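**Student:** Provided below: final.csv, containing CSV, C-alpha atoms.
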chain,number,residue,atom,x,y,z
A,1,MET,CA,0.0,0.0,0.0
A,2,ASN,CA,1.4,3.3,-1.1
A,3,PHE,CA,0.6,5.1,2.2
A,4,PRO,CA,1.1,7.9,3.0
A,5,PRO,CA,1.1,9.1,-0.6
A,6,LYS,CA,4.3,10.4,-2.0
A,7,LEU,CA,3.0,14.0,-2.1
A,8,VAL,CA,2.1,13.8,1.6
A,9,GLU,CA,5.5,12.3,2.4
A,10,ASN,CA,7.2,15.2,0.6
A,11,ALA,CA,5.2,17.8,2.4
A,12,ILE,CA,5.9,16.1,5.8
A,13,GLU,CA,9.6,15.9,4.9
A,14,GLU,CA,9.8,19.6,4.1
A,15,ILE,CA,7.6,20.8,7.1
A,16,SER,CA,9.6,18.7,9.6
A,17,LYS,CA,12.8,20.5,8.5
A,18,LEU,CA,11.5,23.5,10.4
A,19,PRO,CA,12.9,23.8,14.0
A,20,GLY,CA,10.7,22.2,16.7
A,21,ILE,CA,8.4,20.4,14.2
A,22,GLY,CA,8.7,16.6,14.1
A,23,LYS,CA,7.1,14.1,11.7
A,24,LYS,CA,3.9,13.7,13.8
A,25,THR,CA,3.3,17.4,14.0
A,26,ALA,CA,4.0,17.8,10.3
A,27,LEU,CA,1.5,15.1,9.5
A,28,ARG,CA,-1.1,16.9,11.7
A,29,LEU,CA,-0.4,20.1,9.8
A,30,VAL,CA,-0.7,18.4,6.4
A,31,LEU,CA,-4.1,16.9,7.3
A,32,HIS,CA,-5.2,20.3,8.6
A,33,LEU,CA,-4.2,21.9,5.2
A,34,LEU,CA,-6.0,19.1,3.3
A,35,ARG,CA,-9.2,19.7,5.3
A,36,GLN,CA,-9.1,23.5,4.6
A,37,GLU,CA,-10.0,25.3,1.4
A,38,GLU,CA,-7.3,25.3,-1.2
A,39,SER,CA,-7.0,29.1,-0.9
A,40,SER,CA,-5.7,28.8,2.7
A,41,THR,CA,-2.7,26.8,1.5
A,42,ASP,CA,-2.3,29.3,-1.3
A,43,ASN,CA,-2.3,32.2,1.2
A,44,LEU,CA,0.3,30.4,3.3
A,45,THR,CA,2.7,29.6,0.4
A,46,ASP,CA,2.3,33.1,-1.1
A,47,ALA,CA,3.1,34.7,2.3
A,48,LEU,CA,6.2,32.5,2.7
A,49,LYS,CA,7.4,33.1,-0.9
A,50,ASP,CA,6.9,36.9,-0.5
A,51,LEU,CA,8.7,36.8,2.9
A,52,ARG,CA,11.7,35.0,1.5
A,53,THR,CA,12.1,37.2,-1.6
A,54,GLY,CA,11.0,40.5,0.0
A,55,VAL,CA,12.7,40.6,3.4
A,56,LYS,CA,16.3,41.4,3.6
A,57,TYR,CA,18.8,42.0,6.4
A,58,CYS,CA,19.9,45.6,6.7
A,59,ASP,CA,23.7,46.1,6.1
A,60,THR,CA,24.0,48.6,8.9
A,61,CYS,CA,21.9,47.3,11.8
A,62,HIS,CA,21.2,43.7,10.6
A,63,ILE,CA,17.5,44.1,11.3
A,64,ILE,CA,15.1,42.4,8.9
A,65,SER,CA,13.3,44.9,6.7
A,66,ASP,CA,11.1,44.7,3.6
A,67,THR,CA,12.1,48.1,2.3
A,68,SER,CA,15.5,49.4,1.2
A,69,ASP,CA,15.0,52.3,3.7
A,70,CYS,CA,15.8,50.5,7.0
A,71,THR,CA,14.6,52.0,10.2
A,72,CYS,CA,18.2,52.7,11.2
A,73,ARG,CA,18.2,55.5,8.6
A,74,THR,CA,15.0,57.1,9.7
A,75,VAL,CA,15.2,60.6,11.3
A,76,LYS,CA,12.2,60.0,13.5
A,77,ARG,CA,14.2,58.1,16.1
A,78,ASN,CA,16.9,59.0,18.5
A,79,LEU,CA,20.0,58.6,16.3
A,80,THR,CA,22.6,58.9,19.1
A,81,THR,CA,21.7,55.7,21.0
A,82,ILE,CA,22.2,52.1,19.8
A,83,CYS,CA,20.6,49.1,21.6
A,84,VAL,CA,22.6,46.0,21.0
A,85,VAL,CA,20.5,42.7,21.0
A,86,GLU,CA,21.2,39.1,20.2
A,87,ASP,CA,18.5,38.5,17.6
A,88,THR,CA,15.4,39.9,15.9
A,89,PRO,CA,12.8,38.7,18.5
A,90,ASP,CA,14.6,40.8,21.1
A,91,VAL,CA,14.0,43.9,18.9
A,92,LEU,CA,10.3,43.1,18.8
A,93,ALA,CA,10.2,42.6,22.5
A,94,ILE,CA,11.8,45.9,23.2
A,95,GLU,CA,9.6,47.7,20.6
A,96,ASN,CA,6.6,46.3,22.4
A,97,THR,CA,7.5,48.1,25.6
A,98,ALA,CA,7.3,51.5,23.8
A,99,GLN,CA,10.0,52.6,26.2
A,100,TYR,CA,12.8,53.0,23.6
A,101,ARG,CA,13.1,55.2,20.6
A,102,GLY,CA,16.7,54.8,19.6
A,103,LEU,CA,18.4,52.6,17.1
A,104,TYR,CA,19.2,48.9,17.2
A,105,HIS,CA,22.1,46.6,16.3
A,106,VAL,CA,21.4,42.9,15.9
A,107,LEU,CA,24.4,40.7,16.6
A,108,GLY,CA,22.8,37.6,15.1
A,109,GLY,CA,24.2,35.5,18.0
A,110,VAL,CA,26.5,35.7,21.0
A,111,ILE,CA,30.1,34.7,21.5
A,112,SER,CA,30.1,31.1,22.6
A,113,PRO,CA,33.5,29.3,22.7
A,114,ILE,CA,31.8,26.0,23.4
A,115,GLU,CA,29.8,26.2,20.2
A,116,GLY,CA,32.7,27.6,18.3
A,117,ILE,CA,31.2,31.0,17.8
A,118,GLY,CA,33.9,33.7,18.0
A,119,PRO,CA,33.7,37.5,17.9
A,120,ALA,CA,34.1,37.4,14.1
A,121,ASP,CA,31.0,35.2,13.7
A,122,VAL,CA,28.6,37.9,15.1
A,123,ASN,CA,28.1,41.4,14.0
A,124,ILE,CA,30.5,43.1,16.4
A,125,ASP,CA,32.9,44.6,13.8
A,126,SER,CA,30.0,46.3,12.0
A,127,LEU,CA,28.9,47.7,15.4
A,128,ILE,CA,32.4,49.2,15.8
A,129,ASN,CA,32.4,50.6,12.3
A,130,ARG,CA,29.0,52.1,12.9
A,131,ILE,CA,30.1,53.8,16.0
A,132,LYS,CA,33.3,55.1,14.3
A,133,SER,CA,31.5,56.5,11.3
A,134,SER,CA,28.1,57.5,12.7
A,135,GLU,CA,26.8,61.0,12.0
A,136,PRO,CA,25.4,62.3,14.5
A,137,LYS,CA,27.9,60.7,16.9
A,138,ILE,CA,26.6,57.7,18.9
A,139,GLU,CA,26.5,58.8,22.6
A,140,GLU,CA,25.3,55.6,24.3
A,141,VAL,CA,25.3,51.9,23.6
A,142,ILE,CA,22.8,49.9,25.5
A,143,LEU,CA,23.7,46.2,25.9
A,144,ALA,CA,20.4,44.3,26.0
A,145,LEU,CA,21.8,40.8,26.0
A,146,ASN,CA,20.5,37.7,27.7
A,147,PRO,CA,21.8,37.2,31.3
A,148,THR,CA,23.7,34.0,30.3
A,149,MET,CA,27.4,33.2,30.3
A,150,GLU,CA,27.5,33.8,26.6
A,151,GLY,CA,25.6,37.1,26.9
A,152,ASP,CA,27.9,38.3,29.6
A,153,THR,CA,31.0,37.2,27.6
A,154,THR,CA,29.8,39.1,24.6
A,155,ALA,CA,28.9,42.2,26.7
A,156,PHE,CA,32.4,42.1,28.2
A,157,TYR,CA,34.1,41.8,24.8
A,158,ILE,CA,32.0,44.7,23.3
A,159,THR,CA,32.7,46.9,26.3
A,160,ARG,CA,36.5,46.3,25.9
A,161,LYS,CA,36.4,46.9,22.2
A,162,LEU,CA,34.4,50.2,22.5
A,163,LYS,CA,36.6,51.6,25.2
A,164,GLU,CA,38.7,53.8,22.9
A,165,TYR,CA,35.7,55.5,21.3
A,166,GLY,CA,34.5,57.3,24.4
A,167,VAL,CA,30.9,56.1,24.1
A,168,LYS,CA,28.8,55.5,27.2
A,169,ILE,CA,28.0,51.8,27.6
A,170,THR,CA,25.0,50.7,29.7
A,171,SER,CA,23.2,47.4,30.3
A,172,ILE,CA,19.6,46.8,30.8
A,173,ALA,CA,18.8,46.4,34.6
A,174,ARG,CA,18.9,42.9,36.1
A,175,GLY,CA,16.7,42.3,39.1
A,176,ILE,CA,13.4,41.0,40.4
A,177,PRO,CA,10.8,41.0,37.6
A,178,ILE,CA,7.6,43.1,38.1
A,179,GLY,CA,5.1,40.8,39.7
A,180,GLY,CA,7.9,38.4,40.8
A,181,GLU,CA,8.2,37.4,44.5
A,182,LEU,CA,11.4,37.9,46.5
A,183,GLU,CA,10.8,34.6,48.2
A,184,TYR,CA,11.1,32.6,45.0
A,185,ALA,CA,13.8,34.6,43.3
A,186,ASP,CA,17.2,32.9,42.8
A,187,GLU,CA,20.1,34.2,45.0
A,188,VAL,CA,22.1,35.6,42.1
A,189,THR,CA,19.2,37.7,40.8
A,190,LEU,CA,18.3,38.9,44.3
A,191,GLY,CA,21.9,39.6,45.2
A,192,ARG,CA,22.4,41.6,42.0
A,193,SER,CA,19.2,43.5,42.6
A,194,ILE,CA,20.5,44.6,46.0
A,195,MET,CA,23.9,45.5,44.6
A,196,THR,CA,22.4,47.6,41.8
A,197,ARG,CA,19.6,49.1,43.9
A,198,THR,CA,18.1,52.4,42.6
A,199,THR,CA,17.5,55.5,44.6
A,200,TYR,CA,13.9,56.8,45.1
A,201,GLU,CA,13.4,60.3,43.9
A,202,GLN,CA,12.3,62.4,46.9
B,1,MET,CA,9.1,52.1,13.3
B,2,ASN,CA,7.6,49.7,10.9
B,3,PHE,CA,8.6,46.6,12.8
B,4,PRO,CA,8.1,43.8,12.2
B,5,PRO,CA,7.9,44.5,8.5
B,6,LYS,CA,4.6,43.9,6.7
B,7,LEU,CA,5.8,40.8,4.8
B,8,VAL,CA,7.0,39.3,8.1
B,9,GLU,CA,3.7,40.1,9.8
B,10,ASN,CA,1.8,38.5,6.9
B,11,ALA,CA,3.9,35.3,7.1
B,12,ILE,CA,3.4,35.1,10.9
B,13,GLU,CA,-0.3,35.6,10.4
B,14,GLU,CA,-0.6,32.8,7.9
B,15,ILE,CA,1.7,30.4,9.8
B,16,SER,CA,-0.1,31.0,13.1
B,17,LYS,CA,-3.4,29.9,11.5
B,18,LEU,CA,-2.0,26.3,11.6
B,19,PRO,CA,-3.1,24.3,14.6
B,20,GLY,CA,-0.8,24.4,17.6
B,21,ILE,CA,1.3,27.2,16.3
B,22,GLY,CA,1.1,30.6,18.0
B,23,LYS,CA,2.6,33.9,17.0
B,24,LYS,CA,5.9,33.4,18.9
B,25,THR,CA,6.5,30.0,17.2
B,26,ALA,CA,5.5,31.5,13.9
B,27,LEU,CA,8.1,34.3,14.3
B,28,ARG,CA,10.7,31.7,15.2
B,29,LEU,CA,9.9,29.8,12.0
B,30,VAL,CA,10.0,32.9,9.9
B,31,LEU,CA,13.4,33.8,11.2
B,32,HIS,CA,14.6,30.3,10.6
B,33,LEU,CA,13.4,30.5,6.9
B,34,LEU,CA,15.1,33.9,6.5
B,35,ARG,CA,18.4,32.5,7.7
B,36,GLN,CA,18.2,29.5,5.3
B,37,GLU,CA,18.9,29.5,1.6
B,38,GLU,CA,16.0,30.8,-0.5
B,39,SER,CA,15.7,27.3,-2.1
B,40,SER,CA,14.7,25.8,1.2
B,41,THR,CA,11.6,28.1,1.4
B,42,ASP,CA,10.9,27.2,-2.3
B,43,ASN,CA,11.1,23.5,-1.5
B,44,LEU,CA,8.6,24.0,1.3
B,45,THR,CA,6.1,26.1,-0.6
B,46,ASP,CA,6.3,23.8,-3.6
B,47,ALA,CA,5.7,20.7,-1.5
B,48,LEU,CA,2.7,22.4,0.1
B,49,LYS,CA,1.2,23.5,-3.2
B,50,ASP,CA,1.7,20.1,-4.7
B,51,LEU,CA,0.1,18.5,-1.7
B,52,ARG,CA,-3.0,20.7,-1.8
B,53,THR,CA,-3.5,20.3,-5.5
B,54,GLY,CA,-2.5,16.7,-5.9
B,55,VAL,CA,-3.9,14.9,-2.9
B,56,LYS,CA,-7.6,14.0,-2.8
B,57,TYR,CA,-9.9,12.1,-0.5
B,58,CYS,CA,-11.1,8.8,-2.0
B,59,ASP,CA,-14.9,8.7,-2.5
B,60,THR,CA,-15.1,5.1,-1.3
B,61,CYS,CA,-12.8,4.8,1.8
B,62,HIS,CA,-12.1,8.5,2.4
B,63,ILE,CA,-8.4,7.9,2.7
B,64,ILE,CA,-6.1,10.6,1.3
B,65,SER,CA,-4.5,9.5,-2.0
B,66,ASP,CA,-2.5,11.2,-4.7
B,67,THR,CA,-3.6,8.9,-7.5
B,68,SER,CA,-7.1,8.3,-8.8
B,69,ASP,CA,-6.5,4.6,-8.1
B,70,CYS,CA,-7.0,4.5,-4.4
B,71,THR,CA,-5.6,1.6,-2.4
B,72,CYS,CA,-9.2,0.5,-1.7
B,73,ARG,CA,-9.4,-0.7,-5.3
B,74,THR,CA,-6.2,-2.6,-5.3
B,75,VAL,CA,-6.4,-6.4,-5.6
B,76,LYS,CA,-3.2,-6.9,-3.6
B,77,ARG,CA,-5.1,-6.6,-0.2
B,78,ASN,CA,-7.7,-8.6,1.6
B,79,LEU,CA,-10.9,-7.2,0.1
B,80,THR,CA,-13.3,-8.9,2.6
B,81,THR,CA,-12.2,-7.0,5.7
B,82,ILE,CA,-12.7,-3.3,6.4
B,83,CYS,CA,-10.9,-1.6,9.3
B,84,VAL,CA,-12.9,1.5,10.5
B,85,VAL,CA,-10.8,4.3,11.9
B,86,GLU,CA,-11.4,7.9,13.0
B,87,ASP,CA,-8.8,9.7,11.0
B,88,THR,CA,-5.9,9.3,8.6
B,89,PRO,CA,-3.1,9.2,11.2
B,90,ASP,CA,-4.8,6.0,12.5
B,91,VAL,CA,-4.4,4.4,9.1
B,92,LEU,CA,-0.7,5.3,9.2
B,93,ALA,CA,-0.4,3.8,12.7
B,94,ILE,CA,-2.0,0.6,11.8
B,95,GLU,CA,0.0,0.3,8.5
B,96,ASN,CA,3.2,0.7,10.5
B,97,THR,CA,2.4,-2.4,12.5
B,98,ALA,CA,2.4,-4.5,9.3
B,99,GLN,CA,-0.2,-6.7,11.0
B,100,TYR,CA,-3.1,-5.8,8.8
B,101,ARG,CA,-3.6,-6.3,5.0
B,102,GLY,CA,-7.3,-5.5,4.6
B,103,LEU,CA,-9.1,-2.3,3.6
B,104,TYR,CA,-9.8,0.9,5.5
B,105,HIS,CA,-12.7,3.2,6.1
B,106,VAL,CA,-11.9,6.6,7.5
B,107,LEU,CA,-14.9,8.2,9.3
B,108,GLY,CA,-13.3,11.6,9.4
B,109,GLY,CA,-14.5,12.1,13.0
B,110,VAL,CA,-16.6,10.4,15.7
B,111,ILE,CA,-20.1,11.0,16.9
B,112,SER,CA,-20.1,13.6,19.6
B,113,PRO,CA,-23.4,15.0,20.8
B,114,ILE,CA,-21.6,17.6,22.9
B,115,GLU,CA,-19.8,19.0,19.9
B,116,GLY,CA,-22.9,18.7,17.8
B,117,ILE,CA,-21.4,16.0,15.6
B,118,GLY,CA,-24.1,13.5,14.6
B,119,PRO,CA,-24.0,10.3,12.6
B,120,ALA,CA,-24.6,12.2,9.4
B,121,ASP,CA,-21.5,14.3,9.9
B,122,VAL,CA,-19.1,11.3,9.7
B,123,ASN,CA,-18.7,8.8,6.9
B,124,ILE,CA,-21.0,6.1,8.3
B,125,ASP,CA,-23.6,6.1,5.5
B,126,SER,CA,-20.9,5.5,3.0
B,127,LEU,CA,-19.6,2.6,5.1
B,128,ILE,CA,-23.0,1.0,5.0
B,129,ASN,CA,-23.3,1.6,1.2
B,130,ARG,CA,-19.9,0.1,0.8
B,131,ILE,CA,-20.9,-3.0,2.8
B,132,LYS,CA,-24.2,-3.3,0.9
B,133,SER,CA,-22.6,-3.1,-2.6
B,134,SER,CA,-19.2,-4.6,-2.1
B,135,GLU,CA,-17.9,-7.3,-4.4
B,136,PRO,CA,-16.5,-9.6,-3.0
B,137,LYS,CA,-18.7,-9.4,0.0
B,138,ILE,CA,-17.3,-7.8,3.2
B,139,GLU,CA,-17.0,-10.5,5.9
B,140,GLU,CA,-15.5,-8.6,8.8
B,141,VAL,CA,-15.6,-5.0,10.0
B,142,ILE,CA,-12.9,-4.2,12.5
B,143,LEU,CA,-13.7,-1.1,14.7
B,144,ALA,CA,-10.4,0.5,15.5
B,145,LEU,CA,-11.7,3.6,17.3
B,146,ASN,CA,-10.2,5.4,20.2
B,147,PRO,CA,-11.4,4.1,23.6
B,148,THR,CA,-13.2,7.3,24.5
B,149,MET,CA,-16.9,8.0,25.2
B,150,GLU,CA,-17.3,9.3,21.6
B,151,GLY,CA,-15.4,6.4,20.1
B,152,ASP,CA,-17.6,3.9,22.0
B,153,THR,CA,-20.8,5.7,21.0
B,154,THR,CA,-19.7,5.6,17.4
B,155,ALA,CA,-18.8,1.9,17.7
B,156,PHE,CA,-22.2,1.2,19.2
B,157,TYR,CA,-24.0,3.1,16.5
B,158,ILE,CA,-22.2,1.4,13.7
B,159,THR,CA,-22.7,-2.0,15.3
B,160,ARG,CA,-26.5,-1.4,15.4
B,161,LYS,CA,-26.6,-0.1,11.9
B,162,LEU,CA,-24.7,-3.1,10.5
B,163,LYS,CA,-26.8,-5.7,12.3
B,164,GLU,CA,-29.0,-6.5,9.3
B,165,TYR,CA,-26.1,-7.1,6.9
B,166,GLY,CA,-24.8,-10.2,8.6
B,167,VAL,CA,-21.3,-9.0,8.8
B,168,LYS,CA,-18.9,-10.0,11.6
B,169,ILE,CA,-18.0,-6.9,13.7
B,170,THR,CA,-14.9,-6.9,15.9
B,171,SER,CA,-13.0,-4.3,17.9
B,172,ILE,CA,-9.3,-4.0,18.5
B,173,ALA,CA,-8.3,-5.4,21.9
B,174,ARG,CA,-8.2,-3.1,24.9
B,175,GLY,CA,-5.8,-4.0,27.7
B,176,ILE,CA,-2.4,-3.4,29.2
B,177,PRO,CA,0.0,-2.1,26.6
B,178,ILE,CA,3.1,-4.1,25.8
B,179,GLY,CA,5.8,-2.8,28.2
B,180,GLY,CA,3.1,-1.3,30.5
B,181,GLU,CA,3.0,-2.2,34.2
B,182,LEU,CA,-0.1,-3.6,35.9
B,183,GLU,CA,0.7,-1.6,39.0
B,184,TYR,CA,0.3,1.7,37.2
B,185,ALA,CA,-2.6,0.7,34.9
B,186,ASP,CA,-6.0,2.4,35.5
B,187,GLU,CA,-8.7,0.2,36.9
B,188,VAL,CA,-11.0,0.4,33.9
B,189,THR,CA,-8.2,-0.8,31.5
B,190,LEU,CA,-7.0,-3.5,33.9
B,191,GLY,CA,-10.6,-4.6,34.6
B,192,ARG,CA,-11.4,-4.9,30.9
B,193,SER,CA,-8.2,-6.7,30.3
B,194,ILE,CA,-9.2,-9.4,32.8
B,195,MET,CA,-12.8,-9.6,31.4
B,196,THR,CA,-11.5,-10.0,27.9
B,197,ARG,CA,-8.6,-12.3,28.7
B,198,THR,CA,-7.3,-14.5,26.0
B,199,THR,CA,-6.6,-18.3,26.1
B,200,TYR,CA,-3.1,-19.5,25.7
B,201,GLU,CA,-2.8,-22.1,23.0
B,202,GLN,CA,-1.5,-25.3,24.6
Show this structure as structure tokens.

**Tutor:**
Amino acid sequence: MNFPPKLVENAIEEISKLPGIGKKTALRLVLHLLRQEESSTDNLTDALKDLRTGVKYCDTCHIISDTSDCTCRTVKRNLTTICVVEDTPDVLAIENTAQYRGLYHVLGGVISPIEGIGPADVNIDSLINRIKSSEPKIEEVILALNPTMEGDTTAFYITRKLKEYGVKITSIARGIPIGGELEYADEVTLGRSIMTRTTYEQ
Amino acid sequence: MNFPPKLVENAIEEISKLPGIGKKTALRLVLHLLRQEESSTDNLTDALKDLRTGVKYCDTCHIISDTSDCTCRTVKRNLTTICVVEDTPDVLAIENTAQYRGLYHVLGGVISPIEGIGPADVNIDSLINRIKSSEPKIEEVILALNPTMEGDTTAFYITRKLKEYGVKITSIARGIPIGGELEYADEVTLGRSIMTRTTYEQ
């Protein structure tokens, strides 16, 4: 018995190449698409095709963008601050806070000796070039990296590299999350939140 | 700031229409595709398009098939036995056991009064027609439905409907799974496995 049919197997094969999707999930998605109108599959494939052909990475800030005018060239934002993040979802997360109006720089990864990712594999050189040649001058670089060993290593490396350019370097605050409870916080976080306590304005 | 770009938003929108995939997972998949070669997106979209245009449901057994010659018309299988299942993945699961060489009938669902699914909404009438008009005559109908309230209701309904056609109706065995432990089995399963115990051949 030729089951599942070749076309179904092909589709399962291709879908299960996506991260976090195995063969069983792929089969479920295939059956879902087969139950839907043909147009819903068309919409999906068109959206994916347009995505892949239309979206590019900006040469300057490495953000994804579907226009040649990346947001890093807009004049509507604060052009003297760069927020350095590991990857695109982080940009989205920070944008959603509506608390930041400066520029971004997407590293596309963090330094990880264990995984063989060195400083040259992430967009650190282009960050330095950007700071060197920026007009107006960059005044502050905010490091918004994940609080992991790799994130800290990368932050340390960037800090050292940027020393000579006289730019202020800051890090997003580490501490107890809003809504979090002290009782259940880990010692490192709680310890750091005491060390880096902030002063109430009186 | 136009972020995420429109094309990315479209793609996320379409991907997150798939069952079990939310916006965050969709974004992760989008970023994965953007990091890969353009050809990998092409392969995926081609496979999905071919799937949706090429794969049809068989009119007789309701299995998905990419040829007009469905397996239910093949002579290489036992044509006097029909195994009734809820959905296509069940066919795949049974085929993988290599223990069954008869025909299938996919109900496309089970009777569920709570969800408003009646006998007319699943492929029971076409099963009856199939048994009425089959050549050679169907001798056995195996009900391989899930051991849920809905599965049992459907099995009961089918059994009653098929009474007049003098066909043998069986159910797949319920009991302790191979590798399972009696100690941890629920009482209903263990109770049923004692009631329906099988005799050792001596």

**Student:** So which one's closest to chain A, B:Gly54, B:Pro147, B:Gly116, B:Gly179? Using all atoms listed in the file, please.

**Tutor:**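 Among B:Gly54, B:Pro147, B:Gly116, B:Gly179, it is B:Gly54 that comes nearest to chain A.
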
**Student:** Name all residues at most 12 Å from region 101-105 of chain B (count only C-alpha atoms; drop same-chain ones fewer than 2 positions away) and give them as a ChimeraX atom specification.

**Tutor:** /A:1,3 /B:57-64,70-88,90-92,94-99,107-109,122-131,134,138-145

**Student:** List every residue of chain A that has an atom at most 6 Å from any atom of chain B, and for each one report the closest atom pair and its distance in Å to one decimal, counting all atoms listed in the file, with rows sorted by chain and then by increasing residue number, as a Markdown table.

**Tutor:**
| residue | atom | partner | partner_atom | distance |
| --- | --- | --- | --- | --- |
| A:Pro5 | CA | B:Ser65 | CA | 5.8 |
| A:Leu7 | CA | B:Leu51 | CA | 5.4 |
| A:Ala11 | CA | B:Ala47 | CA | 4.9 |
| A:Glu14 | CA | B:Leu44 | CA | 5.4 |
| A:Leu44 | CA | B:Glu14 | CA | 5.3 |
| A:Thr45 | CA | B:Thr45 | CA | 5.0 |
| A:Ala47 | CA | B:Ala11 | CA | 4.9 |
| A:Leu48 | CA | B:Ala11 | CA | 5.7 |
| A:Leu51 | CA | B:Leu7 | CA | 5.3 |
| A:Ser65 | CA | B:Pro5 | CA | 5.7 |
| A:Asp66 | CA | B:Pro5 | CA | 5.9 |

**Student:** What does the structure give for the distance between CA of Gly151 (chain B) and CA of Lys163 (chain B), in Å to one decimal?

**Tutor:**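 Answer for the CA of Gly151 (chain B) to CA of Lys163 (chain B) separation: 18.4 Å.
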
**Student:** How many Å separate CA of Val106 (chain A) from CA of Thr198 (chain A)?

**Tutor:**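 Taking CA of Val106 (chain A) and CA of Thr198 (chain A), their separation equals 28.5 Å.
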
**Student:** Of the candidates B:Met195, B:Ala185, B:Ile169, B:Ile178, which shows the shortest atom-to-atom distance to Ala155 (chain B), using all atoms listed in the file?

**Tutor:** B:Ile169

**Student:** I need the residue nearest Pro119 (chain B) from this list: B:Ile158, B:Val167, B:Ala93, B:Met149. Use all atoms listed in the file for the distance.

**Tutor:**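 Among the listed residues, B:Ile158 lies closest to Pro119 (chain B).
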
**Student:** Could you tell me how far CA of Phe156 (chain A) lies from CA of Ile111 (chain A), in Å and to one decimal?

**Tutor:**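 Interatomic distance, CA of Phe156 (chain A) to CA of Ile111 (chain A): 10.2 Å.
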